[in-house]
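File shown: start-v8.txt (compact mmCIF, N, CA and C atoms).
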# COMPACT_ATOMS: atom_id res chain seq x y z
N MET A 88 108.25 160.27 150.81
CA MET A 88 106.96 160.16 150.15
C MET A 88 106.87 161.15 149.00
N VAL A 89 106.21 160.72 147.94
CA VAL A 89 105.90 161.58 146.80
C VAL A 89 104.39 161.76 146.80
N GLU A 90 103.94 163.00 146.77
CA GLU A 90 102.51 163.27 146.71
C GLU A 90 102.10 163.40 145.25
N VAL A 91 101.06 162.67 144.87
CA VAL A 91 100.57 162.69 143.49
C VAL A 91 99.15 163.24 143.52
N ARG A 92 98.93 164.31 142.75
CA ARG A 92 97.61 164.94 142.66
C ARG A 92 97.06 164.74 141.26
N LEU A 93 95.83 164.23 141.20
CA LEU A 93 95.16 164.00 139.92
C LEU A 93 94.05 165.03 139.74
N PHE A 94 93.85 165.48 138.51
CA PHE A 94 92.87 166.50 138.23
C PHE A 94 91.90 166.06 137.14
N ALA A 95 90.71 166.65 137.18
CA ALA A 95 89.64 166.47 136.19
C ALA A 95 89.39 164.99 135.89
N GLY A 96 89.39 164.60 134.63
CA GLY A 96 89.04 163.25 134.21
C GLY A 96 89.96 162.16 134.73
N LEU A 97 91.17 162.52 135.12
CA LEU A 97 92.10 161.50 135.65
C LEU A 97 91.65 161.00 137.02
N ARG A 98 90.74 161.72 137.67
CA ARG A 98 90.22 161.30 138.98
C ARG A 98 89.17 160.21 138.85
N LYS A 99 88.61 160.04 137.67
CA LYS A 99 87.53 159.07 137.49
C LYS A 99 87.99 157.68 137.88
N GLY A 100 87.38 157.13 138.92
CA GLY A 100 87.74 155.81 139.41
C GLY A 100 89.02 155.78 140.24
N ARG A 101 89.54 156.97 140.55
CA ARG A 101 90.77 157.06 141.34
C ARG A 101 90.60 158.10 142.44
N GLN A 102 91.52 158.12 143.36
CA GLN A 102 91.54 159.13 144.41
C GLN A 102 92.06 160.45 143.85
N LYS A 103 91.81 161.54 144.59
CA LYS A 103 92.34 162.85 144.22
C LYS A 103 93.83 162.95 144.48
N VAL A 104 94.25 162.39 145.62
CA VAL A 104 95.64 162.52 146.06
C VAL A 104 96.15 161.15 146.51
N TYR A 105 97.37 160.85 146.12
CA TYR A 105 98.05 159.62 146.54
C TYR A 105 99.36 159.99 147.21
N GLN A 106 99.74 159.22 148.21
CA GLN A 106 101.06 159.31 148.83
C GLN A 106 101.79 158.04 148.43
N MET A 107 102.88 158.18 147.70
CA MET A 107 103.62 157.01 147.22
C MET A 107 105.02 157.01 147.81
N GLU A 108 105.48 155.84 148.19
CA GLU A 108 106.84 155.70 148.72
C GLU A 108 107.83 156.04 147.62
N SER A 109 108.75 156.94 147.92
CA SER A 109 109.73 157.36 146.91
C SER A 109 110.64 156.21 146.50
N ALA A 110 110.79 155.21 147.36
CA ALA A 110 111.62 154.05 147.01
C ALA A 110 110.95 153.16 145.97
N SER A 111 109.62 153.24 145.86
CA SER A 111 108.90 152.37 144.94
C SER A 111 108.69 152.99 143.56
N VAL A 112 108.92 154.29 143.43
CA VAL A 112 108.77 154.97 142.14
C VAL A 112 110.00 155.82 141.85
N LYS A 113 110.58 155.64 140.70
CA LYS A 113 111.79 156.40 140.33
C LYS A 113 111.47 157.57 139.41
N THR A 114 110.46 157.39 138.54
CA THR A 114 110.10 158.43 137.57
C THR A 114 108.60 158.68 137.62
N VAL A 115 108.17 159.73 136.95
CA VAL A 115 106.74 160.00 136.84
C VAL A 115 106.06 158.87 136.08
N LYS A 116 106.73 158.32 135.09
CA LYS A 116 106.17 157.20 134.33
C LYS A 116 105.88 156.01 135.25
N ASP A 117 106.74 155.76 136.23
CA ASP A 117 106.49 154.69 137.21
C ASP A 117 105.19 154.97 137.98
N ILE A 118 104.98 156.23 138.34
CA ILE A 118 103.76 156.62 139.05
C ILE A 118 102.54 156.38 138.16
N MET A 119 102.64 156.83 136.92
CA MET A 119 101.54 156.66 135.97
C MET A 119 101.23 155.19 135.74
N ASP A 120 102.25 154.36 135.63
CA ASP A 120 102.04 152.93 135.48
C ASP A 120 101.33 152.34 136.70
N ALA A 121 101.76 152.75 137.89
CA ALA A 121 101.17 152.24 139.13
C ALA A 121 99.69 152.63 139.24
N LEU A 122 99.32 153.78 138.68
CA LEU A 122 97.94 154.26 138.75
C LEU A 122 97.14 153.92 137.49
N ASP A 123 97.76 153.15 136.58
CA ASP A 123 97.12 152.74 135.33
C ASP A 123 96.66 153.94 134.50
N ILE A 124 97.58 154.91 134.36
CA ILE A 124 97.33 156.10 133.55
C ILE A 124 98.31 156.05 132.37
N GLU A 125 97.77 156.13 131.17
CA GLU A 125 98.62 156.11 129.98
C GLU A 125 99.20 157.50 129.73
N VAL A 126 100.39 157.54 129.16
CA VAL A 126 101.07 158.81 128.89
C VAL A 126 100.19 159.72 128.03
N LYS A 127 99.49 159.14 127.05
CA LYS A 127 98.67 159.94 126.15
C LYS A 127 97.47 160.59 126.86
N GLU A 128 97.12 160.11 128.05
CA GLU A 128 96.02 160.69 128.81
C GLU A 128 96.41 161.98 129.52
N VAL A 129 97.71 162.19 129.69
CA VAL A 129 98.20 163.34 130.47
C VAL A 129 98.66 164.45 129.51
N ASN A 130 98.07 165.62 129.69
CA ASN A 130 98.43 166.77 128.86
C ASN A 130 99.44 167.68 129.56
N ILE A 131 99.27 167.85 130.86
CA ILE A 131 100.18 168.68 131.65
C ILE A 131 100.68 167.85 132.82
N LEU A 132 101.99 167.88 133.01
CA LEU A 132 102.64 167.13 134.08
C LEU A 132 103.57 168.11 134.80
N LEU A 133 103.31 168.31 136.08
CA LEU A 133 104.12 169.23 136.88
C LEU A 133 104.78 168.50 138.03
N ILE A 134 106.01 168.87 138.32
CA ILE A 134 106.67 168.44 139.56
C ILE A 134 107.03 169.72 140.30
N ASN A 135 106.46 169.86 141.49
CA ASN A 135 106.67 171.06 142.31
C ASN A 135 106.37 172.33 141.53
N GLY A 136 105.33 172.27 140.68
CA GLY A 136 104.88 173.44 139.94
C GLY A 136 105.61 173.72 138.64
N PHE A 137 106.56 172.87 138.24
CA PHE A 137 107.32 173.08 137.01
C PHE A 137 107.02 171.97 136.01
N HIS A 138 106.82 172.36 134.74
CA HIS A 138 106.55 171.40 133.68
C HIS A 138 107.69 170.40 133.55
N GLN A 139 107.33 169.13 133.43
CA GLN A 139 108.32 168.06 133.30
C GLN A 139 107.83 167.03 132.29
N LYS A 140 108.63 165.99 132.11
CA LYS A 140 108.29 164.89 131.20
C LYS A 140 108.12 163.60 132.00
N PRO A 141 107.45 162.60 131.43
CA PRO A 141 107.25 161.34 132.15
C PRO A 141 108.55 160.66 132.60
N GLU A 142 109.65 160.90 131.88
CA GLU A 142 110.93 160.28 132.23
C GLU A 142 111.62 160.95 133.42
N THR A 143 111.09 162.09 133.85
CA THR A 143 111.72 162.85 134.92
C THR A 143 111.71 162.05 136.22
N GLU A 144 112.85 162.02 136.89
CA GLU A 144 112.96 161.32 138.17
C GLU A 144 112.27 162.12 139.27
N VAL A 145 111.71 161.39 140.23
CA VAL A 145 111.09 162.02 141.39
C VAL A 145 111.89 161.67 142.63
N LYS A 146 111.77 162.55 143.64
CA LYS A 146 112.49 162.30 144.89
C LYS A 146 111.56 162.56 146.06
N ASP A 147 111.98 162.15 147.21
CA ASP A 147 111.20 162.32 148.42
C ASP A 147 110.82 163.78 148.60
N GLY A 148 109.54 164.03 148.87
CA GLY A 148 109.06 165.39 149.09
C GLY A 148 108.48 166.06 147.86
N ASP A 149 108.65 165.46 146.68
CA ASP A 149 108.11 166.05 145.46
C ASP A 149 106.58 165.98 145.44
N VAL A 150 105.98 166.96 144.76
CA VAL A 150 104.54 166.97 144.51
C VAL A 150 104.37 166.88 143.00
N VAL A 151 103.73 165.80 142.56
CA VAL A 151 103.49 165.56 141.13
C VAL A 151 102.02 165.83 140.85
N SER A 152 101.76 166.69 139.87
CA SER A 152 100.39 167.02 139.48
C SER A 152 100.17 166.58 138.04
N LEU A 153 99.08 165.84 137.80
CA LEU A 153 98.79 165.32 136.48
C LEU A 153 97.44 165.86 136.02
N PHE A 154 97.41 166.47 134.83
CA PHE A 154 96.21 167.05 134.25
C PHE A 154 95.94 166.43 132.88
N PRO A 155 94.69 166.08 132.59
CA PRO A 155 94.37 165.58 131.26
C PRO A 155 94.15 166.76 130.31
N ALA A 156 94.02 166.45 129.03
CA ALA A 156 93.61 167.48 128.08
C ALA A 156 92.19 167.89 128.45
N VAL A 157 91.93 169.18 128.43
CA VAL A 157 90.61 169.68 128.80
C VAL A 157 89.96 170.27 127.56
N GLY A 158 88.78 169.78 127.24
CA GLY A 158 88.06 170.30 126.09
C GLY A 158 87.19 171.48 126.47
N GLY A 159 86.72 172.13 125.51
CA GLY A 159 85.82 173.26 125.77
C GLY A 159 85.92 174.25 124.63
N GLY A 160 85.19 175.33 124.80
CA GLY A 160 85.30 176.31 123.74
C GLY A 160 84.19 177.23 123.66

If you convert what's in this file into structure tokens, what do you get?
Amino acid sequence: MVEVRLFAGLRKGRQKVYQMESASVKTVKDIMDALDIEVKEVNILLINGFHQKPETEVKDGDVVSLFPAVGGG
């Protein structure tokens, strides 16, 4: 299983945490496609706490965290 955690605006209309079968998703982009999240919506992408790219492969036991751009000032 791959645990996917969504933060801030990416949670709108979605769950906070998803458990996805590692056999059904090969990359973070596959996860984003499955959750209907566009690459441009994600500002920070972490796998097990380390910055990665959408093309990065995921494996069983990984924790993927997706953060949108956050405005403020």

Practice task
Do a neighbour search on range 98-109 of chain A at 8 Å with only C-alpha atoms, toss out local chain neighbours closer than 5 positions, and write the hits as a PyMOL selection string.
Solution key: chain A and resi 88-93+145-147

Hey, can you spit out that residue selection with N, CA and C atoms as a PDB file, keeping the file's coordinate frame?
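Okay, this is what ended up in part-v9.pdb:
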ATOM      1  N   MET A  88     108.250 160.270 150.810  1.00  0.00           N
ATOM      2  CA  MET A  88     106.960 160.160 150.150  1.00  0.00           C
ATOM      3  C   MET A  88     106.870 161.150 149.000  1.00  0.00           C
ATOM      4  N   VAL A  89     106.210 160.720 147.940  1.00  0.00           N
ATOM      5  CA  VAL A  89     105.900 161.580 146.800  1.00  0.00           C
ATOM      6  C   VAL A  89     104.390 161.760 146.800  1.00  0.00           C
ATOM      7  N   GLU A  90     103.940 163.000 146.770  1.00  0.00           N
ATOM      8  CA  GLU A  90     102.510 163.270 146.710  1.00  0.00           C
ATOM      9  C   GLU A  90     102.100 163.400 145.250  1.00  0.00           C
ATOM     10  N   VAL A  91     101.060 162.670 144.870  1.00  0.00           N
ATOM     11  CA  VAL A  91     100.570 162.690 143.490  1.00  0.00           C
ATOM     12  C   VAL A  91      99.150 163.240 143.520  1.00  0.00           C
ATOM     13  N   ARG A  92      98.930 164.310 142.750  1.00  0.00           N
ATOM     14  CA  ARG A  92      97.610 164.940 142.660  1.00  0.00           C
ATOM     15  C   ARG A  92      97.060 164.740 141.260  1.00  0.00           C
ATOM     16  N   LEU A  93      95.830 164.230 141.200  1.00  0.00           N
ATOM     17  CA  LEU A  93      95.160 164.000 139.920  1.00  0.00           C
ATOM     18  C   LEU A  93      94.050 165.030 139.740  1.00  0.00           C
ATOM     19  N   VAL A 145     111.710 161.390 140.230  1.00  0.00           N
ATOM     20  CA  VAL A 145     111.090 162.020 141.390  1.00  0.00           C
ATOM     21  C   VAL A 145     111.890 161.670 142.630  1.00  0.00           C
ATOM     22  N   LYS A 146     111.770 162.550 143.640  1.00  0.00           N
ATOM     23  CA  LYS A 146     112.490 162.300 144.890  1.00  0.00           C
ATOM     24  C   LYS A 146     111.560 162.560 146.060  1.00  0.00           C
ATOM     25  N   ASP A 147     111.980 162.150 147.210  1.00  0.00           N
ATOM     26  CA  ASP A 147     111.200 162.320 148.420  1.00  0.00           C
ATOM     27  C   ASP A 147     110.820 163.780 148.600  1.00  0.00           C
TER      28      ASP A 147
END

Fill in the blank from the handout: Between A:Val150, A:Val157, A:Ile118, A:Ala95, smallest distance to Asn130 in chain A by only N, CA and C atoms belongs to A:Val157

Handout entry: Best match for closeness to Val126 in chain A among A:Glu144, A:Asp149, A:Phe94, A:Phe154, counting only C-alpha atoms
Key =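 Checking each of A:Glu144, A:Asp149, A:Phe94, A:Phe154 against Val126 in chain A, counting only C-alpha atoms, the winner is A:Phe154.
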
Exercise for the section: Would you please work out which residue, of A:Leu132, A:His138, A:Thr143, A:Gly96, is nearest to Asp117 in chain A when using only C-alpha atoms? Expected result: A:Thr143

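Among the candidates A:Leu97, A:Lys127, A:Pro141, A:Gly136, the one nearest to Val112 in chain A when counting only C-alpha atoms is A:Pro141.
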
Exercise for the section: Could you give me, as a PyMOL selection string, the residues within 7 Å of Ala156 in chain A, counting only N, CA and C atoms and dropping anything in the same chain fewer than 5 positions from it? Expected result: chain A and resi 128-131

Handout entry: Coordinates-based distance that separates atom N of Val115 in chain A from atom C of Asn135 in chain A (Å, one decimal)
Key =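 The value is 13.5 Å.
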
Exercise for the section: Report as JSON, numbers by chain: the residues of range 92-151 of chain A with a DSSP assignment of strand (DSSP E or B), based on the backbone of this structure. Expected result: {"A": [92, 93, 104, 105, 106, 107, 114, 131, 132, 133, 134, 137, 138, 144, 150, 151]}

Problem - Separation of CA of Ser152 in chain A from CA of Gln139 in chain A in Å - result: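 Between CA of Gln139 in chain A and CA of Ser152 in chain A the gap is 10.1 Å.
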
Practice task
Just list the residues in chain A DSSP gives helix (DSSP H, G or I) on the backbone, as an NGL selection string.
Solution key: :A and (95-98 or 115-121 or 126-128)
